[in-house]
Structures are given as C-alpha cells and as structure tokens.
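Raw my_file29.csv, CSV, C-alpha atoms:
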```
chain,number,residue,atom,x,y,z
A,1,MET,CA,29.8,-9.4,16.9
A,2,HIS,CA,27.4,-11.9,15.5
A,3,ARG,CA,24.1,-12.4,17.3
A,4,THR,CA,22.1,-15.6,16.9
A,5,GLN,CA,18.9,-14.5,18.5
A,6,THR,CA,16.4,-11.7,18.1
A,7,PRO,CA,17.6,-8.6,19.9
A,8,ALA,CA,15.7,-7.8,23.0
A,9,GLN,CA,13.6,-4.6,23.0
A,10,THR,CA,15.0,-2.6,25.8
A,11,GLY,CA,14.1,1.0,26.3
A,12,PRO,CA,12.8,3.5,23.8
A,13,ALA,CA,13.7,3.3,20.1
A,14,GLY,CA,17.3,4.4,19.5
A,15,SER,CA,18.1,4.7,23.2
A,16,ARG,CA,21.4,2.8,22.8
A,17,LEU,CA,22.4,5.2,20.0
A,18,VAL,CA,21.5,8.2,22.1
A,19,GLN,CA,23.4,6.9,25.1
A,20,LEU,CA,26.5,6.2,23.0
A,21,LEU,CA,26.4,9.7,21.5
A,22,ALA,CA,26.1,11.2,25.0
A,23,SER,CA,29.0,9.1,26.3
A,24,LEU,CA,31.2,10.3,23.4
A,25,ASP,CA,30.0,13.9,23.6
A,26,PRO,CA,27.6,15.0,26.4
A,27,LYS,CA,26.6,18.1,24.3
A,28,ALA,CA,25.3,15.7,21.6
A,29,ALA,CA,22.5,14.6,23.9
A,30,ALA,CA,20.3,17.7,23.8
A,31,SER,CA,17.3,17.6,26.0
A,32,SER,CA,14.1,17.0,24.1
A,33,HIS,CA,10.5,18.0,24.7
A,34,PRO,CA,9.1,15.9,27.6
A,35,CYS,CA,5.7,15.3,25.8
A,36,PHE,CA,6.2,12.5,23.3
A,37,ALA,CA,2.7,13.0,21.7
A,38,GLU,CA,3.4,16.7,21.1
A,39,ARG,CA,6.8,16.0,19.6
A,40,LEU,CA,5.3,13.3,17.3
A,41,GLY,CA,2.5,15.6,16.3
A,42,ARG,CA,4.9,18.2,15.1
A,43,LEU,CA,6.3,15.8,12.5
A,44,PHE,CA,2.9,15.4,10.7
A,45,ASP,CA,1.6,17.9,8.2
A,46,LEU,CA,-1.9,18.1,6.9
A,47,SER,CA,-1.4,15.5,4.1
A,48,ASP,CA,0.2,13.1,6.6
A,49,THR,CA,-2.7,13.6,9.0
A,50,ILE,CA,-5.2,12.8,6.3
A,51,ALA,CA,-3.2,9.7,5.3
A,52,LEU,CA,-3.1,8.6,8.9
A,53,ASP,CA,-6.8,9.1,9.4
A,54,ALA,CA,-7.5,7.0,6.3
A,55,ALA,CA,-5.2,4.3,7.6
A,56,THR,CA,-7.1,4.1,10.9
A,57,GLN,CA,-10.3,3.8,9.0
A,58,HIS,CA,-9.0,1.1,6.7
A,59,ARG,CA,-11.0,-2.1,6.7
A,60,PRO,CA,-9.2,-4.7,4.6
A,61,ASN,CA,-11.5,-7.3,3.0
A,62,GLY,CA,-8.9,-10.1,2.5
A,63,PRO,CA,-8.9,-12.9,1.6
A,64,PHE,CA,-6.7,-13.8,4.5
A,65,THR,CA,-4.6,-16.9,5.0
A,66,PRO,CA,-3.6,-17.1,8.6
A,67,ARG,CA,-0.2,-18.9,9.1
A,68,ASP,CA,0.8,-20.6,12.3
A,69,ASP,CA,4.4,-20.0,11.4
A,70,ILE,CA,4.2,-16.2,10.8
A,71,THR,CA,6.2,-15.4,13.8
A,72,ASP,CA,9.0,-17.8,13.0
A,73,THR,CA,9.0,-16.6,9.4
A,74,LEU,CA,9.3,-13.0,10.3
A,75,GLN,CA,11.9,-13.7,13.0
A,76,ALA,CA,14.0,-15.8,10.6
A,77,ASP,CA,13.9,-13.1,8.0
A,78,LEU,CA,15.0,-10.4,10.5
A,79,LEU,CA,17.8,-12.5,11.8
A,80,LYS,CA,19.1,-13.4,8.3
A,81,THR,CA,19.0,-9.7,7.3
A,82,ARG,CA,20.6,-8.5,10.5
A,83,ASN,CA,23.3,-11.2,10.5
A,84,THR,CA,24.2,-10.3,6.9
A,85,LEU,CA,24.6,-6.7,7.9
A,86,LEU,CA,26.7,-7.6,11.0
A,87,GLU,CA,28.9,-9.9,8.9
A,88,ASN,CA,29.5,-7.1,6.4
A,89,LEU,CA,30.4,-4.7,9.2
A,90,SER,CA,32.7,-7.3,10.8
A,91,TYR,CA,34.5,-7.9,7.5
A,92,SER,CA,34.9,-4.2,6.8
A,93,PHE,CA,36.6,-3.5,10.1
A,94,ALA,CA,38.7,-6.7,9.9
A,95,GLY,CA,40.0,-5.7,6.5
A,96,LYS,CA,38.5,-8.7,4.7
A,97,GLN,CA,37.5,-8.6,1.1
A,98,ALA,CA,34.2,-9.7,-0.3
A,99,ALA,CA,31.8,-8.6,-3.0
A,100,SER,CA,29.3,-6.9,-0.5
A,101,VAL,CA,32.0,-5.6,1.9
A,102,ILE,CA,32.7,-1.8,2.1
A,103,SER,CA,36.5,-1.4,2.6
A,104,LEU,CA,37.8,0.6,5.6
A,105,PRO,CA,40.0,3.4,4.3
A,106,ALA,CA,43.7,2.6,4.3
A,107,VAL,CA,46.2,4.6,6.2
A,108,ASN,CA,48.8,6.4,4.1
A,109,ARG,CA,52.0,5.8,6.1
A,110,ASP,CA,53.8,8.6,4.2
A,111,THR,CA,51.5,11.2,5.7
A,112,PRO,CA,53.4,13.6,8.0
A,113,ALA,CA,52.6,13.0,11.6
A,114,ASP,CA,51.6,16.7,12.2
A,115,LYS,CA,49.2,16.8,9.2
A,116,ARG,CA,45.7,15.6,9.8
A,117,PRO,CA,44.5,13.2,7.1
A,118,THR,CA,41.3,14.1,5.4
A,119,PHE,CA,38.0,12.9,7.0
A,120,GLY,CA,36.3,12.4,3.6
A,121,PRO,CA,37.1,8.7,3.1
A,122,TYR,CA,35.7,7.8,6.5
A,123,GLU,CA,32.6,9.9,5.9
A,124,ARG,CA,32.0,8.0,2.6
A,125,PHE,CA,32.7,4.7,4.4
A,126,HIS,CA,30.1,5.5,7.1
A,127,GLN,CA,27.5,6.7,4.6
A,128,ALA,CA,28.0,3.5,2.5
A,129,HIS,CA,27.2,1.4,5.5
A,130,GLN,CA,24.2,3.5,6.2
A,131,ARG,CA,22.9,3.0,2.6
A,132,GLN,CA,23.4,-0.7,3.0
A,133,MET,CA,21.4,-0.7,6.1
A,134,ILE,CA,18.6,1.4,4.6
A,135,ALA,CA,18.3,-0.9,1.6
A,136,ALA,CA,18.3,-4.1,3.6
A,137,LEU,CA,15.9,-3.0,6.3
A,138,THR,CA,13.5,-1.1,4.0
A,139,ASN,CA,13.0,-4.3,2.0
A,140,LEU,CA,12.7,-6.3,5.2
A,141,ARG,CA,10.0,-4.0,6.5
A,142,LEU,CA,8.1,-4.2,3.3
A,143,ARG,CA,8.2,-8.0,3.4
A,144,ALA,CA,7.0,-8.0,7.0
A,145,ARG,CA,4.0,-5.8,6.1
A,146,ARG,CA,3.1,-8.2,3.2
A,147,GLN,CA,3.1,-11.1,5.7
A,148,LEU,CA,0.9,-9.2,8.1
A,149,THR,CA,-1.5,-8.0,5.3
A,150,ALA,CA,-2.1,-11.6,4.2
A,151,HIS,CA,-2.5,-13.0,7.7
A,152,SER,CA,-5.6,-11.2,9.2
A,153,ALA,CA,-7.7,-8.0,9.1
A,154,GLU,CA,-6.2,-6.8,12.4
A,155,LEU,CA,-2.6,-7.2,11.2
A,156,ALA,CA,-3.5,-5.8,7.8
A,157,ARG,CA,-4.7,-2.6,9.4
A,158,LEU,CA,-1.4,-2.4,11.4
A,159,ALA,CA,0.6,-2.9,8.2
A,160,GLU,CA,-1.4,0.0,6.6
A,161,LEU,CA,-0.6,2.2,9.6
A,162,ASP,CA,3.1,1.3,9.5
A,163,ALA,CA,3.3,2.2,5.8
A,164,VAL,CA,1.9,5.7,6.6
A,165,PHE,CA,4.3,6.2,9.5
A,166,GLU,CA,7.3,5.1,7.5
A,167,HIS,CA,6.4,7.6,4.7
A,168,SER,CA,5.4,10.5,7.0
A,169,LEU,CA,8.5,10.2,9.2
A,170,SER,CA,11.0,9.5,6.4
A,171,THR,CA,12.2,13.1,6.2
A,172,TYR,CA,12.7,13.3,10.0
A,173,VAL,CA,14.4,10.0,10.2
A,174,ARG,CA,16.7,10.8,7.3
A,175,ARG,CA,17.6,14.2,8.9
A,176,CYS,CA,18.4,12.5,12.2
A,177,PHE,CA,20.7,9.9,10.8
A,178,THR,CA,22.5,12.2,8.3
A,179,ALA,CA,23.6,14.3,11.3
A,180,LEU,CA,25.9,11.5,12.4
A,181,PRO,CA,28.7,12.1,9.9
A,182,ALA,CA,29.1,15.7,11.3
A,183,PHE,CA,29.3,14.3,14.8
A,184,LEU,CA,31.9,11.8,13.6
A,185,GLU,CA,34.0,14.5,12.0
A,186,LYS,CA,34.1,16.4,15.3
A,187,ARG,CA,35.3,13.2,17.1
A,188,TYR,CA,37.8,12.7,14.3
A,189,ARG,CA,39.4,16.1,14.8
A,190,THR,CA,39.3,15.7,18.6
A,191,LEU,CA,41.1,12.3,18.6
A,192,TRP,CA,43.7,13.5,16.0
A,193,GLN,CA,44.6,16.4,18.2
A,194,GLN,CA,45.2,14.0,21.1
A,195,GLY,CA,47.4,11.7,19.0
A,196,GLN,CA,48.8,14.0,16.3
A,197,HIS,CA,52.4,13.7,17.5
A,198,THR,CA,52.5,9.9,17.0
A,199,PRO,CA,53.9,8.5,13.7
A,200,PRO,CA,51.4,7.2,11.2
A,201,GLN,CA,52.4,3.6,11.6
A,202,ASP,CA,51.1,3.8,15.2
A,203,TRP,CA,47.7,5.4,14.4
A,204,MET,CA,46.0,2.0,14.0
A,205,ALA,CA,47.9,0.4,16.9
A,206,ALA,CA,46.0,-0.8,20.0
A,207,ASN,CA,46.0,2.7,21.6
A,208,GLY,CA,46.2,4.7,18.4
A,209,TRP,CA,43.9,7.6,17.9
A,210,LEU,CA,42.7,6.3,14.5
A,211,ALA,CA,42.1,2.9,15.9
A,212,GLN,CA,39.9,4.4,18.6
A,213,PHE,CA,38.0,6.4,16.0
A,214,CYS,CA,37.4,3.3,13.9
A,215,GLN,CA,36.1,1.6,16.9
A,216,GLU,CA,33.7,4.5,17.6
A,217,ILE,CA,32.4,4.3,14.0
A,218,GLN,CA,31.7,0.6,14.4
A,219,MET,CA,29.9,1.1,17.7
A,220,LEU,CA,27.8,3.9,16.2
A,221,LEU,CA,26.9,1.8,13.2
A,222,LEU,CA,25.8,-1.1,15.4
A,223,ALA,CA,23.7,1.2,17.6
A,224,GLU,CA,22.2,2.7,14.4
A,225,LEU,CA,21.3,-0.8,13.2
A,226,ASP,CA,19.5,-1.4,16.5
A,227,ALA,CA,17.6,1.9,16.1
A,228,ARG,CA,16.6,1.4,12.5
A,229,GLN,CA,15.2,-2.1,13.1
A,230,GLU,CA,12.9,-1.0,15.9
A,231,PRO,CA,9.8,-0.6,13.6
A,232,ILE,CA,10.4,-4.2,12.3
A,233,LEU,CA,10.6,-5.5,15.9
A,234,GLY,CA,7.3,-3.8,16.5
A,235,LEU,CA,5.7,-5.7,13.6
A,236,LEU,CA,7.2,-8.9,14.8
A,237,GLY,CA,5.8,-8.3,18.3
A,238,ALA,CA,2.4,-7.7,16.9
A,239,ALA,CA,2.5,-10.9,14.9
A,240,THR,CA,3.6,-12.8,17.9
A,241,ALA,CA,0.8,-11.4,20.0
A,242,ALA,CA,-1.8,-12.2,17.3
A,243,SER,CA,-0.5,-15.8,17.0
A,244,SER,CA,-0.6,-16.2,20.8
A,245,ASP,CA,-4.2,-14.8,21.0
A,246,ALA,CA,-5.3,-17.2,18.2
A,247,ASN,CA,-3.7,-20.2,19.9
A,248,THR,CA,-5.3,-19.2,23.2
A,249,GLY,CA,-8.7,-18.9,21.5
A,250,SER,CA,-8.3,-22.3,19.9
A,251,THR,CA,-7.5,-23.8,23.3
A,252,PHE,CA,-10.5,-22.2,25.0
A,253,ALA,CA,-12.7,-23.4,22.1
A,254,THR,CA,-11.4,-26.9,22.6
A,255,ILE,CA,-12.0,-26.8,26.4
A,256,ASP,CA,-15.6,-25.4,25.9
A,257,HIS,CA,-16.3,-28.2,23.4
A,258,LYS,CA,-15.1,-30.9,25.8
A,259,GLU,CA,-17.2,-29.4,28.6
A,260,SER,CA,-20.3,-29.2,26.5
A,261,THR,CA,-20.0,-32.9,25.5
A,262,THR,CA,-19.1,-34.2,28.9
A,263,PRO,CA,-22.1,-36.1,30.4
```

Entire entry expressed as structure tokens:
Amino acid sequence: MHRTQTPAQTGPAGSRLVQLLASLDPKAAASSHPCFAERLGRLFDLSDTIALDAATQHRPNGPFTPRDDITDTLQADLLKTRNTLLENLSYSFAGKQAASVISLPAVNRDTPADKRPTFGPYERFHQAHQRQMIAALTNLRLRARRQLTAHSAELARLAELDAVFEHSLSTYVRRCFTALPAFLEKRYRTLWQQGQHTPPQDWMAANGWLAQFCQEIQMLLLAELDARQEPILGLLGAATAASSDANTGSTFATIDHKESTTP
C-alpha cells in the first residue's frame, strides 16, 4: 500500500475514482457535459469571476529567491504527506492502534445473522478519513503555494490563480466528495443482502460480505486521495518545468559566452 515515488499523472483528475465508482455501480458514472470549459464556467459566479480576473492581472513584485531545489522540496513534502496518510489508512484497516489512526468499526458477533448492522459507524469512519485527508492536503497545498510565490514572478502568479480556484471550487468539491457516503451506504445494503444468511463470525472472513465492503471503502479512499492531490501535482509540475527552463537558459547562456570568447 505504501508508495515511494511521486504518483504518475495519468488521465483527468479523479479518473481513477470515477472508474472505480463505475465498476462498483455503473449507474454512479452519470454522463457529463462534453464541453469542459462550459462545465467549469458554470461553477463560477460573478464574485468568483472578478477574483479570477484579478488573479490573471496580478503582477507580483517580489523580492524573489529562486531555489534550485524547489522541485525536490515540493516532491519530498508531497511524498511525506501522502505516505503518512497511506500509513494511517493501512493501520486502520489492519486493526493497528496509533495516536493518529482511525479505528475500523468492530463487528458485534452477537448480532443476529438476519439483522443488518447499522451503517453509521462505517459512515463516520469514512468521513473521519476524509477530514484527515482534507486537513493534510490543504496545508500541503498552502505550503506549495508559498514556495512558488517566493521563487519567481511567473510561479507567484500561478500560486495566486491556484488560490482563487481552490476557493471558488471549494463548494463544488465538497459536494462531490460528500456524496460518497451515500454511495457506500447503497453498497453496504447490497452486499449485506448477498451475505445476510451467514453468521456474524464469517462476515469479516476472506469471502465475507463485510470484508468485501471494507475493501471497497479502502479502494475508494485511496482513489479519493489520488483525486484530491491532483492540484498539488499540478503545482509541482509547474515548478519542475520552471526549474528546467531556468537550467536550460543557464546552459544556453554559458554556450553563448564560450562562443563569443572563442578566437
């Protein structure tokens, strides 16, 4: 479950999450409007548009302190944050105890086999992990913007735009991710109906309905983590490109200097 390198950017943001939802319930993958620009435009009201226009006109004055290690710094911060979240997830589903670990709900073995246990504990478990992700990745995104703002005027403008997008899309993002518990509850009921005649001690066995449900929660949380970190990967990509351009420029300057001084 641990990853030791920066996740690759494959496909549109959240595509893994959408594909997973569709594989679990094809009806969950509702067709969206084909025009991305139009869909995005619907999410901005007048005040958001004004803020976005101000961000595009933003001309930061500095002072700037370009850092050769900005890409490494951002990547290390991302990996540290991500690995901490992955470790907490791993511990939760493995039943390990730690200060930052959210405990997986325990099975009451005295529950009658024909009585479906309440979904509430699993909803709270899922939401607790969502809150943990939000807190960690929001702080990480803020730290990344600070690094970009201090590096150069170009990256400072990007950081300003990112701040506007984060604020303007926050309601939409929250609405999308808060819809997941309802999806999980539907899956919970479906899986229980398939395994309701098995005794409670078998629910968490290899082929138990509750074990499958817990596995689906884990897969959805991992996919959600990938989706939530996409904006940060975008900032990292911009920093990497800026560093590459700066190094290329330095190389060309050195070559030009050598050619101008060659007899």

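If only C-alpha atoms are the atoms counted, then among A:Leu24, A:Cys214, A:Leu140, A:Ala99 the closest residue to Lys80 (chain A) is A:Leu140.
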
Using all atoms listed in the file, I'd like a table of the residues in region 129-170 of chain A that come within 9 Å of region 225-228 of chain A; for each, show the closest atom pair and its distance in Å rounded to one decimal, ordered by chain and ascending number, as a tab-separated table.
```
residue	atom	partner	partner_atom	distance
A:Gln130	CA	A:Leu225	CA	8.7
A:Met133	CA	A:Leu225	CA	7.1
A:Ile134	CA	A:Arg228	CA	8.1
A:Leu137	CA	A:Arg228	CA	7.6
```

What's around Thr240 (chain A) at 12 Å? Count all atoms listed in the file, leave out sequence neighbours fewer than 4 positions away in its own chain, and write the answer as number ranges by chain. A: 67-75, 148, 151, 155, 233-236, 244-247

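Taking CA of Gln147 (chain A) and CA of Asp162 (chain A) as endpoints, the distance between them is 13.0 Å.
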
Name the closest residue to Ser100 (chain A) among the candidates A:Ala128, A:Ala22, A:Leu17, A:Ala223; distances are taken between atoms, counting all atoms listed in the file.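 Comparing A:Ala128, A:Ala22, A:Leu17, A:Ala223 against Ser100 (chain A), the winner is A:Ala128.
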
Taking (25.2, -4.4, 11.3) in the file's coordinates as the center, which residues reach within 9 Å of it, counting only C-alpha atoms, put as a list of chain:residue names?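 These residues have at least one counted atom within 9 Å: A:Met1, A:His2, A:Arg82, A:Asn83, A:Thr84, A:Leu85, A:Leu86, A:Glu87, A:Asn88, A:Leu89, A:Ser90, A:His129, A:Met133, A:Gln218, A:Leu221, A:Leu222, A:Ala223, A:Glu224, A:Leu225, A:Asp226.
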
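Here CA of Phe177 (chain A) and CA of Gly195 (chain A) stand 28.0 Å from one another.
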
In Å, how far is it from CA of Pro200 (chain A) to CA of Val107 (chain A)?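 Computing it gives 7.7 Å between the two atoms.
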
Test item: residues at most 12 Å from Pro112 (chain A), only C-alpha atoms, excluding those fewer than 4 positions along its chain, as a VMD selection string: chain A and resid 107 to 108 116 to 117 196 to 201 203

Could you write those residues out with C-alpha atoms, as a CSV table (one decimal), in the frame of the given file?
```
chain,number,residue,atom,x,y,z
A,107,VAL,CA,46.2,4.6,6.2
A,108,ASN,CA,48.8,6.4,4.1
A,116,ARG,CA,45.7,15.6,9.8
A,117,PRO,CA,44.5,13.2,7.1
A,196,GLN,CA,48.8,14.0,16.3
A,197,HIS,CA,52.4,13.7,17.5
A,198,THR,CA,52.5,9.9,17.0
A,199,PRO,CA,53.9,8.5,13.7
A,200,PRO,CA,51.4,7.2,11.2
A,201,GLN,CA,52.4,3.6,11.6
A,203,TRP,CA,47.7,5.4,14.4
```

Nearest to Ala144 (chain A) by atom-to-atom distance, counting only C-alpha atoms, from A:Gln127, A:Ala163, A:Tyr188, A:Gln193: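 Of A:Gln127, A:Ala163, A:Tyr188, A:Gln193, the one nearest Ala144 (chain A), counting only C-alpha atoms, is A:Ala163.
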
Please identify all polymer residues lying at most 9 Å from the point (41.2, 4.1, 12.9) (file coordinates), using only C-alpha atoms, and present the result as a list in words. Leu104, Pro105, Val107, Trp203, Met204, Ala205, Gly208, Trp209, Leu210, Ala211, Gln212, Phe213, Cys214, Gln215, Glu216 and Ile217 of chain A

Nearest to Glu185 (chain A), restricted to all atoms listed in the file and choosing among A:Arg131, A:Lys27, A:Pro121, A:Ala150, comes out as A:Pro121

Which one of A:Ser15, A:Ser23, A:Thr111, A:Asn61 sits closest to Glu154 (chain A) if you count all atoms listed in the file?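 Ranked by minimum distance to Glu154 (chain A), first place goes to A:Asn61.
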
Shell of 9 Å around Glu123 (chain A), only C-alpha atoms, local chain residues under 6 positions omitted, as a list in words: Pro181, Ala182, Leu184 and Glu185 of chain A

Restricting the output to C-alpha atoms, write the selected residues as a PDB file, in the coordinates of the input.
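The resulting file, again_22.pdb, is reproduced below:
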```
ATOM      1  CA  PRO A 181      28.700  12.100   9.900  1.00  0.00           C
ATOM      2  CA  ALA A 182      29.100  15.700  11.300  1.00  0.00           C
ATOM      3  CA  LEU A 184      31.900  11.800  13.600  1.00  0.00           C
ATOM      4  CA  GLU A 185      34.000  14.500  12.000  1.00  0.00           C
TER       5      GLU A 185
END
```

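For the choices A:Ala159, A:Asn207, A:Asp77, A:Thr178, the atom-to-atom distance to Leu191 (chain A) is smallest for A:Asn207 when using only C-alpha atoms.
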
Atoms added to region 203-229 of chain A (N, CA, C and O atoms), reported as an mmCIF file, in the coordinates of the input:
```cif
data_model
loop_
_atom_site.group_PDB
_atom_site.id
_atom_site.type_symbol
_atom_site.label_atom_id
_atom_site.label_comp_id
_atom_site.auth_asym_id
_atom_site.auth_seq_id
_atom_site.Cartn_x
_atom_site.Cartn_y
_atom_site.Cartn_z
ATOM 1 N N TRP A 203 49.115 4.870 14.305
ATOM 2 C CA TRP A 203 47.700 5.400 14.400
ATOM 3 C C TRP A 203 46.721 4.251 14.559
ATOM 4 O O TRP A 203 45.711 4.418 15.239
ATOM 5 N N MET A 204 46.982 3.114 13.919
ATOM 6 C CA MET A 204 46.000 2.000 14.000
ATOM 7 C C MET A 204 46.496 0.944 15.008
ATOM 8 O O MET A 204 45.951 -0.165 15.048
ATOM 9 N N ALA A 205 47.476 1.286 15.861
ATOM 10 C CA ALA A 205 47.900 0.400 16.900
ATOM 11 C C ALA A 205 46.808 0.321 17.999
ATOM 12 O O ALA A 205 45.812 1.065 17.938
ATOM 13 N N ALA A 206 47.001 -0.543 18.981
ATOM 14 C CA ALA A 206 46.000 -0.800 20.000
ATOM 15 C C ALA A 206 45.488 0.519 20.657
ATOM 16 O O ALA A 206 44.293 0.688 20.895
ATOM 17 N N ASN A 207 46.408 1.434 20.952
ATOM 18 C CA ASN A 207 46.000 2.700 21.600
ATOM 19 C C ASN A 207 46.088 3.885 20.673
ATOM 20 O O ASN A 207 46.104 5.029 21.126
ATOM 21 N N GLY A 208 46.148 3.631 19.381
ATOM 22 C CA GLY A 208 46.200 4.700 18.400
ATOM 23 C C GLY A 208 44.954 5.510 18.300
ATOM 24 O O GLY A 208 43.856 4.972 18.478
ATOM 25 N N TRP A 209 45.071 6.780 17.968
ATOM 26 C CA TRP A 209 43.900 7.600 17.900
ATOM 27 C C TRP A 209 42.954 7.197 16.742
ATOM 28 O O TRP A 209 41.727 7.247 16.897
ATOM 29 N N LEU A 210 43.529 6.742 15.633
ATOM 30 C CA LEU A 210 42.700 6.300 14.500
ATOM 31 C C LEU A 210 42.016 4.999 14.785
ATOM 32 O O LEU A 210 40.879 4.769 14.359
ATOM 33 N N ALA A 211 42.699 4.120 15.509
ATOM 34 C CA ALA A 211 42.100 2.900 15.900
ATOM 35 C C ALA A 211 40.872 3.110 16.796
ATOM 36 O O ALA A 211 39.826 2.461 16.656
ATOM 37 N N GLN A 212 41.011 4.061 17.706
ATOM 38 C CA GLN A 212 39.900 4.400 18.600
ATOM 39 C C GLN A 212 38.734 5.000 17.769
ATOM 40 O O GLN A 212 37.563 4.680 18.003
ATOM 41 N N PHE A 213 39.074 5.835 16.805
ATOM 42 C CA PHE A 213 38.000 6.400 16.000
ATOM 43 C C PHE A 213 37.283 5.369 15.178
ATOM 44 O O PHE A 213 36.049 5.395 15.092
ATOM 45 N N CYS A 214 38.006 4.417 14.604
ATOM 46 C CA CYS A 214 37.400 3.300 13.900
ATOM 47 C C CYS A 214 36.453 2.501 14.755
ATOM 48 O O CYS A 214 35.380 2.054 14.341
ATOM 49 N N GLN A 215 36.886 2.303 15.989
ATOM 50 C CA GLN A 215 36.100 1.600 16.900
ATOM 51 C C GLN A 215 34.768 2.338 17.243
ATOM 52 O O GLN A 215 33.696 1.739 17.360
ATOM 53 N N GLU A 216 34.876 3.658 17.318
ATOM 54 C CA GLU A 216 33.700 4.500 17.600
ATOM 55 C C GLU A 216 32.733 4.435 16.384
ATOM 56 O O GLU A 216 31.513 4.398 16.558
ATOM 57 N N ILE A 217 33.284 4.452 15.155
ATOM 58 C CA ILE A 217 32.400 4.300 14.000
ATOM 59 C C ILE A 217 31.654 2.992 14.040
ATOM 60 O O ILE A 217 30.451 2.928 13.783
ATOM 61 N N GLN A 218 32.361 1.936 14.384
ATOM 62 C CA GLN A 218 31.700 0.600 14.400
ATOM 63 C C GLN A 218 30.636 0.567 15.498
ATOM 64 O O GLN A 218 29.540 0.056 15.241
ATOM 65 N N MET A 219 30.902 1.127 16.674
ATOM 66 C CA MET A 219 29.900 1.100 17.700
ATOM 67 C C MET A 219 28.667 1.951 17.312
ATOM 68 O O MET A 219 27.521 1.560 17.571
ATOM 69 N N LEU A 220 28.889 3.084 16.641
ATOM 70 C CA LEU A 220 27.800 3.900 16.200
ATOM 71 C C LEU A 220 26.940 3.201 15.133
ATOM 72 O O LEU A 220 25.709 3.293 15.128
ATOM 73 N N LEU A 221 27.602 2.502 14.225
ATOM 74 C CA LEU A 221 26.900 1.800 13.200
ATOM 75 C C LEU A 221 26.040 0.639 13.792
ATOM 76 O O LEU A 221 24.903 0.387 13.364
ATOM 77 N N LEU A 222 26.585 -0.042 14.780
ATOM 78 C CA LEU A 222 25.800 -1.100 15.400
ATOM 79 C C LEU A 222 24.625 -0.533 16.183
ATOM 80 O O LEU A 222 23.529 -1.112 16.152
ATOM 81 N N ALA A 223 24.818 0.609 16.848
ATOM 82 C CA ALA A 223 23.700 1.200 17.600
ATOM 83 C C ALA A 223 22.668 1.765 16.566
ATOM 84 O O ALA A 223 21.461 1.707 16.829
ATOM 85 N N GLU A 224 23.126 2.257 15.424
ATOM 86 C CA GLU A 224 22.200 2.700 14.400
ATOM 87 C C GLU A 224 21.379 1.563 13.836
ATOM 88 O O GLU A 224 20.178 1.704 13.574
ATOM 89 N N LEU A 225 22.009 0.425 13.672
ATOM 90 C CA LEU A 225 21.300 -0.800 13.200
ATOM 91 C C LEU A 225 20.173 -1.118 14.182
ATOM 92 O O LEU A 225 19.040 -1.426 13.776
ATOM 93 N N ASP A 226 20.475 -1.078 15.473
ATOM 94 C CA ASP A 226 19.500 -1.400 16.500
ATOM 95 C C ASP A 226 18.293 -0.377 16.383
ATOM 96 O O ASP A 226 17.121 -0.769 16.485
ATOM 97 N N ALA A 227 18.620 0.903 16.195
ATOM 98 C CA ALA A 227 17.600 1.900 16.100
ATOM 99 C C ALA A 227 16.716 1.754 14.877
ATOM 100 O O ALA A 227 15.485 1.868 14.933
ATOM 101 N N ARG A 228 17.344 1.471 13.755
ATOM 102 C CA ARG A 228 16.600 1.400 12.500
ATOM 103 C C ARG A 228 15.710 0.123 12.440
ATOM 104 O O ARG A 228 14.724 0.097 11.700
ATOM 105 N N GLN A 229 16.024 -0.913 13.205
ATOM 106 C CA GLN A 229 15.200 -2.100 13.100
ATOM 107 C C GLN A 229 14.046 -2.119 14.120
ATOM 108 O O GLN A 229 13.224 -3.037 14.114
#
```
